file my_file_27.cif (mmCIF, C-alpha atoms)
data_target
#
loop_
_atom_site.group_PDB
_atom_site.id
_atom_site.type_symbol
_atom_site.label_atom_id
_atom_site.label_comp_id
_atom_site.auth_asym_id
_atom_site.auth_seq_id
_atom_site.Cartn_x
_atom_site.Cartn_y
_atom_site.Cartn_z
ATOM 1 C CA MET A 289 126.687 198.994 -18.651
ATOM 2 C CA LEU A 290 127.900 195.393 -18.780
ATOM 3 C CA VAL A 291 128.284 195.528 -22.553
ATOM 4 C CA MET A 292 130.276 198.752 -22.295
ATOM 5 C CA GLY A 293 132.626 197.130 -19.775
ATOM 6 C CA PHE A 294 133.078 194.091 -22.005
ATOM 7 C CA VAL A 295 133.779 196.249 -25.071
ATOM 8 C CA SER A 296 136.279 198.433 -23.215
ATOM 9 C CA THR A 297 138.049 195.330 -21.877
ATOM 10 C CA MET A 298 138.364 193.956 -25.390
ATOM 11 C CA VAL A 299 139.657 197.286 -26.703
ATOM 12 C CA PHE A 300 142.312 197.487 -23.989
ATOM 13 C CA LEU A 301 143.393 193.879 -24.589
ATOM 14 C CA ILE A 302 143.727 194.510 -28.327
ATOM 15 C CA LEU A 303 145.614 197.754 -27.687
ATOM 16 C CA TYR A 304 147.977 195.962 -25.284
ATOM 17 C CA GLY A 305 148.570 193.266 -27.890
ATOM 18 C CA ILE A 306 149.442 195.890 -30.486
ATOM 19 C CA LEU A 307 151.726 197.944 -28.236
ATOM 20 C CA PHE A 308 153.531 195.005 -26.589
ATOM 21 C CA PRO A 309 153.337 192.095 -29.062
ATOM 22 C CA SER A 310 155.965 189.796 -27.548
ATOM 23 C CA SER A 311 154.999 190.017 -23.855
ATOM 24 C CA ASP A 312 152.280 188.213 -21.906
ATOM 25 C CA LEU A 313 149.660 189.971 -19.844
ATOM 26 C CA PRO A 314 151.357 190.877 -16.572
ATOM 27 C CA VAL A 315 148.584 189.970 -14.154
ATOM 28 C CA ILE A 316 147.474 186.728 -15.790
ATOM 29 C CA SER A 317 150.980 185.373 -16.320
ATOM 30 C CA SER A 318 151.943 186.022 -12.704
ATOM 31 C CA VAL A 319 148.743 184.694 -11.067
ATOM 32 C CA LEU A 320 148.035 181.557 -13.110
ATOM 33 C CA PRO A 321 151.087 179.523 -11.994
ATOM 34 C CA VAL A 322 149.890 179.929 -8.404
ATOM 35 C CA PHE A 323 146.564 178.237 -9.240
ATOM 36 C CA ASP A 324 148.096 175.611 -11.532
ATOM 37 C CA GLY A 325 147.249 172.566 -9.412
ATOM 38 C CA VAL A 326 144.086 173.894 -7.810
ATOM 39 C CA PHE A 327 141.825 173.934 -10.867
ATOM 40 C CA ASP A 328 142.651 170.398 -12.036
ATOM 41 C CA SER A 329 139.551 169.032 -10.333
ATOM 42 C CA GLY A 330 136.059 169.417 -11.761
ATOM 43 C CA ILE A 331 134.541 170.215 -8.364
ATOM 44 C CA TRP A 332 135.518 173.882 -8.750
ATOM 45 C CA PHE A 333 133.235 174.256 -11.759
ATOM 46 C CA PHE A 334 130.360 172.783 -9.752
ATOM 47 C CA ILE A 335 131.037 175.166 -6.856
ATOM 48 C CA LEU A 336 131.276 178.132 -9.240
ATOM 49 C CA GLY A 337 127.982 177.165 -10.891
ATOM 50 C CA ALA A 338 126.269 176.828 -7.524
ATOM 51 C CA MET A 339 127.559 180.229 -6.436
ATOM 52 C CA ILE A 340 126.365 181.859 -9.666
ATOM 53 C CA GLY A 341 122.954 180.220 -9.226
ATOM 54 C CA VAL A 342 122.584 181.369 -5.624
ATOM 55 C CA PHE A 343 123.609 184.922 -6.474
ATOM 56 C CA ALA A 344 121.213 184.954 -9.446
ATOM 57 C CA ILE A 345 118.345 183.909 -7.180
ATOM 58 C CA LEU A 346 119.279 186.526 -4.571
ATOM 59 C CA GLY A 347 119.620 189.211 -7.227
ATOM 60 C CA THR A 348 116.211 188.351 -8.652
ATOM 61 C CA MET A 349 114.634 188.454 -5.203
ATOM 62 C CA LEU A 350 116.203 191.836 -4.414
ATOM 63 C CA THR A 351 115.155 193.242 -7.779
ATOM 64 C CA GLU A 352 111.563 192.101 -7.332
ATOM 65 C CA ALA A 353 111.434 193.356 -3.740
ATOM 66 C CA THR A 354 112.696 196.824 -4.598
ATOM 67 C CA SER A 355 110.798 197.289 -7.857
ATOM 68 C CA GLU A 356 107.568 198.367 -6.171
#
call {"tool": "encode", "arguments": {"input": "my_file_27.cif", "output": "structure tokens"}}
result
Amino acid sequence: MLVMGFVSTMVFLILYGILFPSSDLPVISSVLPVFDGVFDSGIWFFILGAMIGVFAILGTMLTEATSE
């Protein structure tokens, strides 16, 4: 399911690039200037990694608990 979502995202991005070659992506170009100064620090990558690790542990625990 994850691979299908990734492939469909890539297809839509390529199709958007073909149909509208001179314009930026509307959502990304409007949201990124808002977060321009926020992601200058490296602490955000540490926090993101910790969150991914915690959710991976919780997901593994839930999977093992419900597999039986």
call {"tool": "atom_distance", "arguments": {"input": "my_file_27.cif", "atom1": "atom CA of Pro309 of chain A", "atom2": "atom CA of Val291 of chain A"}}
result
26.1 Å
call {"tool": "atom_distance", "arguments": {"input": "my_file_27.cif", "atom1": "atom CA of Gly330 of chain A", "atom2": "atom CA of Phe343 of chain A"}}
result
20.6 Å
call {"tool": "atom_distance", "arguments": {"input": "my_file_27.cif", "atom1": "atom CA of Gly293 of chain A", "atom2": "atom CA of Leu336 of chain A"}}
result
21.8 Å
call {"tool": "axis_aligned_box", "arguments": {"input": "my_file_27.cif", "around": "segment 293-309 of chain A", "padding_each_side": "8 Å", "output": "JSON"}}
result
{"center_x": 143.1, "center_y": 195.3, "center_z": -25.1, "size_x": 36.9, "size_y": 22.3, "size_z": 26.7}
